[in-house]
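Below is one structure, written out as structure tokens; comments come after it.
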Protein chains: 2
Amino acid sequence: MDASQNLVDAYEEDGFVLIAEAFSAPEIACLKQRLPMLAAEEGPKRVLEKDGVSVRSVYGPHLTDPLFDRLTRDRRLLDPVRRIMGVDTYVHQTKINFKKGFGGDVWKWHQDYIFWLKEDGVPKPRLITAAVYLDEVTEFNGPLFIIPGSHKESVIDVDADDTALSSYRESPTWISNLTAELKYSLPKEGVARLIQRRGVVAPRGAAGSVLLFHPNVVHASPSNILPFDRVLVLITYNSVDNKPLESHARRPEFLCGREFSAVSPDPLGSRLIA
Amino acid sequence: MDASQNLVDAYEEDGFVLIAEAFSAPEIACLKQRLPMLAAEEGPKRVLEKDGVSVRSVYGPHLTDPLFDRLTRDRRLLDPVRRIMGVDTYVHQTKINFKKGFGGDVWKWHQDYIFWLKEDGVPKPRLITAAVYLDEVTEFNGPLFIIPGSHKESVIDVDADDTALSSYRESPTWISNLTAELKYSLPKEGVARLIQRRGVVAPRGAAGSVLLFHPNVVHASPSNILPFDRVLVLITYNSVDNKPLESHARRPEFLCGREFSAVSPDPLGSRLIA
């Protein structure tokens, strides 16, 4: 069985697969150089931690930064995504999660797809997220915890948590999806049942590794109490035949991409820097 | 070299040592049976998480519960403590840290001894804490993170954080030592320097394991985002020749023990339940 078939099988079985060190140290260093500028830009694309100071996430970096745009077109992401999905994809959403040292807070247990279903009207969970590790991920720096195989549960319907909105009453409703208090997080008992049946893992990897994961896989991450940041770039690809419903309310482009044509691979192929 | 000399050497080198499964499953089950009652008792010995609901710690369980008293006298704790310290000890403090599932919050980076020095006037860091694991400790449930060898740094003096008191203005000052906002936590840069030099570890172990650690070893723990509690019992033994200074302000007995005679071993020896 060839390596890429193993990758597809692992993804289908577990709902995720890790590709170790897909990007080189110099490539990762170039991406990291852009972070201070991207984090400094105020506006709705930037979300702060509850401390009101640390940057938690920046949405849509590929819309303004050419290197992040090129990253979305890199064959080391596109080829395995194409292999798993079987069809072409476009970029639904990108985001940088900073998980700041001494400040990066918890992400509660959730599935991603319920947000894209309910907020954007994406008809099916035919999306894949590629998480590019900009720092080594260890057991100590707030790694993603994943319940393997939980994508087979399909969408676990949960009531929208409107208290998640309480501190943001003045803001448009979509802001609630971007805060630490997730609108659709899973209840304790449901997560307990899933973990008792399926266990939990935390895929570690060197900087430059890529985690591909299913939009229905149940995941979370604890606080990062180390004094060093642990940054991920998340790129969510959606199948070209799975566009959001026209009838659905529209979130901003940086949350719900509207460039629906298939991503064209970077002419550099598999080299992020020339 | 005999096993107990290895234990002493490891403790002196790293500032901690793990004794795997010192207590049996039935013994741990008996201790766990007492938890709901101990956690239900309102009063100053009980500290809640910032959520105002989950129990974070209960101090002094050995003062009221006979099984916890017997635990402090068990030879499986007293013998290695005696071996390491070289002198007899008494109980300075006991506490249960609940680290509740879905609610157990961060303990910031700190050394324990600075609290006992500044708040109680304990002259020297000649104490040992025994942490008895009432649940399995894994990489997922908010384990203790320890910087090995950091006890060799001696006391790292930090300014008392009086903002840690802000939510507790009505309370006696000692309450600030009991809250999530530790009065003497270490700054980011200092922790970074230590970790760059010495690394970080998280001693995992089955329920019933015992972690002995030095009062100057730098440690912390992240949030517990699993839906299951991770409970530790912490017993701090102080050398009989290291009593708190008489001249020092007095915290309550459940924080600063005043039964200064050497702990008398339980006549049951090494069996917590008959």
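Identifiers in this document derive from the order of the structure tokens: chains are assigned A, B, ..., residues are numbered from 1 separately in each chain, and ligands are numbered from 1 in order of occurrence.
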
task = Output as a PyMOL selection string the set of chain A residues within 10 Å of chain B, with distances taken over only C-alpha atoms.
result = chain A and resi 101-102+105-109+139-143+145+187-193+195+200-202+220-228

Those same residues, written as a compact mmCIF listing (two decimals), in the first residue's frame with N, CA, C and O atoms?
```
# COMPACT_ATOMS: atom_id res chain seq x y z
N GLY A 101 2.38 32.25 25.07
CA GLY A 101 2.97 31.78 26.30
C GLY A 101 2.49 32.62 27.48
O GLY A 101 2.38 33.84 27.35
N PHE A 102 2.14 31.96 28.59
CA PHE A 102 1.66 32.64 29.80
C PHE A 102 0.32 33.35 29.58
O PHE A 102 -0.06 34.19 30.38
N ASP A 105 -5.25 30.83 26.17
CA ASP A 105 -6.29 30.21 27.00
C ASP A 105 -6.89 28.98 26.33
O ASP A 105 -6.61 28.67 25.16
N VAL A 106 -7.73 28.31 27.09
CA VAL A 106 -8.45 27.11 26.66
C VAL A 106 -9.31 27.36 25.42
O VAL A 106 -9.90 28.43 25.28
N TRP A 107 -9.36 26.37 24.51
CA TRP A 107 -10.45 26.24 23.54
C TRP A 107 -11.31 25.07 24.02
O TRP A 107 -10.80 23.96 24.17
N LYS A 108 -12.57 25.34 24.25
CA LYS A 108 -13.45 24.27 24.76
C LYS A 108 -13.68 23.19 23.71
O LYS A 108 -13.46 23.40 22.52
N TRP A 109 -14.16 22.04 24.16
CA TRP A 109 -14.45 20.91 23.27
C TRP A 109 -15.52 21.31 22.26
O TRP A 109 -16.59 21.80 22.62
N GLU A 139 3.63 18.09 24.68
CA GLU A 139 2.56 17.87 25.66
C GLU A 139 2.41 19.07 26.60
O GLU A 139 1.43 19.13 27.35
N PHE A 140 3.36 20.00 26.56
CA PHE A 140 3.39 21.06 27.55
C PHE A 140 2.80 22.40 27.10
O PHE A 140 2.52 23.26 27.93
N ASN A 141 2.68 22.61 25.78
CA ASN A 141 2.33 23.98 25.36
C ASN A 141 0.93 24.12 24.77
O ASN A 141 0.71 24.85 23.81
N GLY A 142 -0.01 23.42 25.39
CA GLY A 142 -1.40 23.59 24.98
C GLY A 142 -1.71 22.96 23.64
O GLY A 142 -2.31 23.59 22.76
N PRO A 143 -1.31 21.68 23.43
CA PRO A 143 -1.55 21.03 22.15
C PRO A 143 -3.04 20.80 21.91
O PRO A 143 -3.83 20.81 22.86
N PHE A 145 -6.08 18.59 21.70
CA PHE A 145 -6.53 17.26 22.14
C PHE A 145 -7.62 16.82 21.15
O PHE A 145 -8.54 17.60 20.89
N PRO A 187 -21.20 19.65 25.80
CA PRO A 187 -21.37 19.50 27.25
C PRO A 187 -20.49 18.40 27.82
O PRO A 187 -20.08 17.47 27.13
N LYS A 188 -20.21 18.52 29.13
CA LYS A 188 -19.32 17.61 29.84
C LYS A 188 -19.69 16.14 29.67
O LYS A 188 -18.83 15.30 29.38
N GLU A 189 -20.98 15.83 29.82
CA GLU A 189 -21.39 14.43 29.79
C GLU A 189 -21.15 13.82 28.41
O GLU A 189 -20.72 12.67 28.29
N GLY A 190 -21.43 14.60 27.37
CA GLY A 190 -21.23 14.11 26.01
C GLY A 190 -19.76 13.84 25.73
O GLY A 190 -19.40 12.81 25.13
N VAL A 191 -18.90 14.73 26.17
CA VAL A 191 -17.46 14.55 25.96
C VAL A 191 -16.96 13.34 26.76
O VAL A 191 -16.16 12.54 26.27
N ALA A 192 -17.48 13.17 27.98
CA ALA A 192 -17.09 12.02 28.80
C ALA A 192 -17.44 10.71 28.10
O ALA A 192 -16.62 9.79 28.04
N ARG A 193 -18.65 10.65 27.57
CA ARG A 193 -19.07 9.42 26.86
C ARG A 193 -18.14 9.14 25.69
O ARG A 193 -17.70 8.01 25.49
N ILE A 195 -14.99 10.13 25.19
CA ILE A 195 -13.62 9.78 25.60
C ILE A 195 -13.57 8.38 26.20
O ILE A 195 -12.63 7.62 25.98
N VAL A 200 -8.38 9.72 23.91
CA VAL A 200 -8.00 11.07 23.52
C VAL A 200 -6.52 11.06 23.16
O VAL A 200 -5.74 10.28 23.74
N VAL A 201 -6.13 11.84 22.18
CA VAL A 201 -4.73 11.93 21.76
C VAL A 201 -4.36 13.40 21.57
O VAL A 201 -5.22 14.26 21.42
N ALA A 202 -3.05 13.66 21.57
CA ALA A 202 -2.55 15.02 21.32
C ALA A 202 -1.38 14.90 20.36
O ALA A 202 -0.27 14.57 20.78
N ALA A 220 -10.24 20.09 21.33
CA ALA A 220 -10.16 21.15 22.34
C ALA A 220 -8.68 21.44 22.52
O ALA A 220 -7.84 20.74 21.97
N SER A 221 -8.35 22.47 23.28
CA SER A 221 -6.95 22.60 23.72
C SER A 221 -6.89 23.32 25.05
O SER A 221 -7.67 24.21 25.33
N PRO A 222 -5.95 22.87 25.92
CA PRO A 222 -5.82 23.49 27.24
C PRO A 222 -5.01 24.79 27.14
O PRO A 222 -4.49 25.14 26.08
N SER A 223 -4.92 25.46 28.26
CA SER A 223 -4.12 26.67 28.34
C SER A 223 -2.64 26.37 28.05
O SER A 223 -2.18 25.25 28.25
N ASN A 224 -1.93 27.37 27.57
CA ASN A 224 -0.48 27.26 27.39
C ASN A 224 0.21 28.02 28.53
O ASN A 224 0.31 29.24 28.50
N ILE A 225 0.69 27.27 29.53
CA ILE A 225 1.32 27.92 30.69
C ILE A 225 2.83 28.04 30.52
O ILE A 225 3.49 28.62 31.37
N LEU A 226 3.38 27.50 29.44
CA LEU A 226 4.81 27.74 29.20
C LEU A 226 5.01 29.22 28.84
O LEU A 226 4.10 29.87 28.38
N PRO A 227 6.24 29.71 29.02
CA PRO A 227 6.50 31.12 28.69
C PRO A 227 6.83 31.33 27.21
O PRO A 227 7.40 32.35 26.87
N PHE A 228 6.48 30.38 26.35
CA PHE A 228 6.77 30.48 24.92
C PHE A 228 5.48 30.28 24.13
O PHE A 228 4.68 29.41 24.47
```

task = For region 31-48 of chain B, work out the shell of residues within 6 Å, counting only C-alpha atoms and skipping chain neighbours fewer than 2 positions away, then give it as a PyMOL selection string.
result = chain B and resi 28-29+52+54-59

File of the preceding selection, all heavy atoms, as an mmCIF file, in the first residue's frame:
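As a result, out26.cif now contains:
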```
data_model
loop_
_atom_site.group_PDB
_atom_site.id
_atom_site.type_symbol
_atom_site.label_atom_id
_atom_site.label_comp_id
_atom_site.auth_asym_id
_atom_site.auth_seq_id
_atom_site.Cartn_x
_atom_site.Cartn_y
_atom_site.Cartn_z
ATOM 1 N N ILE B 28 -6.925 3.681 47.672
ATOM 2 C CA ILE B 28 -7.261 4.933 46.976
ATOM 3 C C ILE B 28 -8.775 5.105 46.917
ATOM 4 O O ILE B 28 -9.297 6.211 47.119
ATOM 5 C CB ILE B 28 -6.631 4.928 45.558
ATOM 6 C CG1 ILE B 28 -5.099 4.937 45.669
ATOM 7 C CG2 ILE B 28 -7.126 6.110 44.739
ATOM 8 C CD1 ILE B 28 -4.511 6.126 46.402
ATOM 9 N N ALA B 29 -9.492 4.003 46.677
ATOM 10 C CA ALA B 29 -10.961 4.080 46.628
ATOM 11 C C ALA B 29 -11.525 4.574 47.956
ATOM 12 O O ALA B 29 -12.461 5.374 47.993
ATOM 13 C CB ALA B 29 -11.537 2.711 46.256
ATOM 14 N N GLY B 52 -16.464 30.196 40.913
ATOM 15 C CA GLY B 52 -17.315 30.356 42.092
ATOM 16 C C GLY B 52 -18.142 29.135 42.437
ATOM 17 O O GLY B 52 -18.975 29.176 43.343
ATOM 18 N N SER B 54 -16.866 25.353 41.360
ATOM 19 C CA SER B 54 -16.030 24.160 41.521
ATOM 20 C C SER B 54 -15.112 24.313 42.731
ATOM 21 O O SER B 54 -14.532 25.373 42.949
ATOM 22 C CB SER B 54 -15.151 23.952 40.282
ATOM 23 O OG SER B 54 -15.910 24.059 39.095
ATOM 24 N N VAL B 55 -14.973 23.228 43.482
ATOM 25 C CA VAL B 55 -14.027 23.239 44.609
ATOM 26 C C VAL B 55 -12.612 23.069 44.064
ATOM 27 O O VAL B 55 -12.327 22.133 43.321
ATOM 28 C CB VAL B 55 -14.351 22.115 45.604
ATOM 29 C CG1 VAL B 55 -13.279 22.042 46.696
ATOM 30 C CG2 VAL B 55 -15.721 22.345 46.224
ATOM 31 N N ARG B 56 -11.737 24.004 44.422
ATOM 32 C CA ARG B 56 -10.337 23.966 43.979
ATOM 33 C C ARG B 56 -9.480 23.199 44.988
ATOM 34 O O ARG B 56 -8.748 22.297 44.611
ATOM 35 C CB ARG B 56 -9.828 25.402 43.839
ATOM 36 C CG ARG B 56 -8.390 25.568 43.375
ATOM 37 C CD ARG B 56 -8.122 27.044 43.080
ATOM 38 N NE ARG B 56 -6.743 27.363 42.774
ATOM 39 C CZ ARG B 56 -6.177 27.273 41.569
ATOM 40 N NH1 ARG B 56 -6.890 26.822 40.553
ATOM 41 N NH2 ARG B 56 -4.933 27.626 41.370
ATOM 42 N N SER B 57 -9.599 23.543 46.258
ATOM 43 C CA SER B 57 -8.780 22.918 47.306
ATOM 44 C C SER B 57 -9.566 22.813 48.600
ATOM 45 O O SER B 57 -10.440 23.641 48.866
ATOM 46 C CB SER B 57 -7.537 23.766 47.601
ATOM 47 O OG SER B 57 -6.768 23.977 46.454
ATOM 48 N N VAL B 58 -9.204 21.818 49.394
ATOM 49 C CA VAL B 58 -9.648 21.753 50.787
ATOM 50 C C VAL B 58 -8.391 21.564 51.637
ATOM 51 O O VAL B 58 -7.600 20.640 51.386
ATOM 52 C CB VAL B 58 -10.636 20.599 51.022
ATOM 53 C CG1 VAL B 58 -10.842 20.353 52.519
ATOM 54 C CG2 VAL B 58 -11.980 20.890 50.345
ATOM 55 N N TYR B 59 -8.213 22.457 52.602
ATOM 56 C CA TYR B 59 -7.028 22.408 53.472
ATOM 57 C C TYR B 59 -7.307 21.591 54.735
ATOM 58 O O TYR B 59 -8.444 21.524 55.214
ATOM 59 C CB TYR B 59 -6.605 23.824 53.871
ATOM 60 C CG TYR B 59 -5.852 24.521 52.766
ATOM 61 C CD1 TYR B 59 -6.525 25.091 51.689
ATOM 62 C CD2 TYR B 59 -4.464 24.564 52.767
ATOM 63 C CE1 TYR B 59 -5.836 25.704 50.653
ATOM 64 C CE2 TYR B 59 -3.764 25.170 51.736
ATOM 65 C CZ TYR B 59 -4.459 25.740 50.687
ATOM 66 O OH TYR B 59 -3.766 26.336 49.665
#
```

request  = Give the answer as one residue: which of B:Leu245, B:Val217, B:Ala10, B:Leu63 has the shortest atom-to-atom distance to Pro125 (chain B), using only C-alpha atoms?
outcome  = B:Val217

query = Once chain A sits on chain B after a least-squares Cα superposition, all atoms in order, what's the RMSD?
reply = 0.0 Å

inquiry  = Using DSSP assignments from the backbone, pull out every residue in region 1-211 of chain A that falls under alpha helix (DSSP H) and give it to me as number ranges by chain.
reply    = A: 3-14, 25-33, 35-40, 61-64, 66-72, 75-85, 113-120, 188-198

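Note that CA of Leu234 (chain A) and CA of Glu181 (chain A) are 19.0 Å apart.
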
message = I need the residues in region 30-239 of chain A that are strand (DSSP E) according to DSSP; give them as a PyMOL selection string.
response = chain A and resi 46-48+55-59+89-97+107-110+127-133+145-146+210-213+219-221+232-239

key: Distance query region 258-262 of chain A at most 6 Å, only C-alpha atoms, self and fewer than 3 positions along chain excluded, as a list of chain:residue names   = A:Asp88, A:Thr89, A:Tyr90
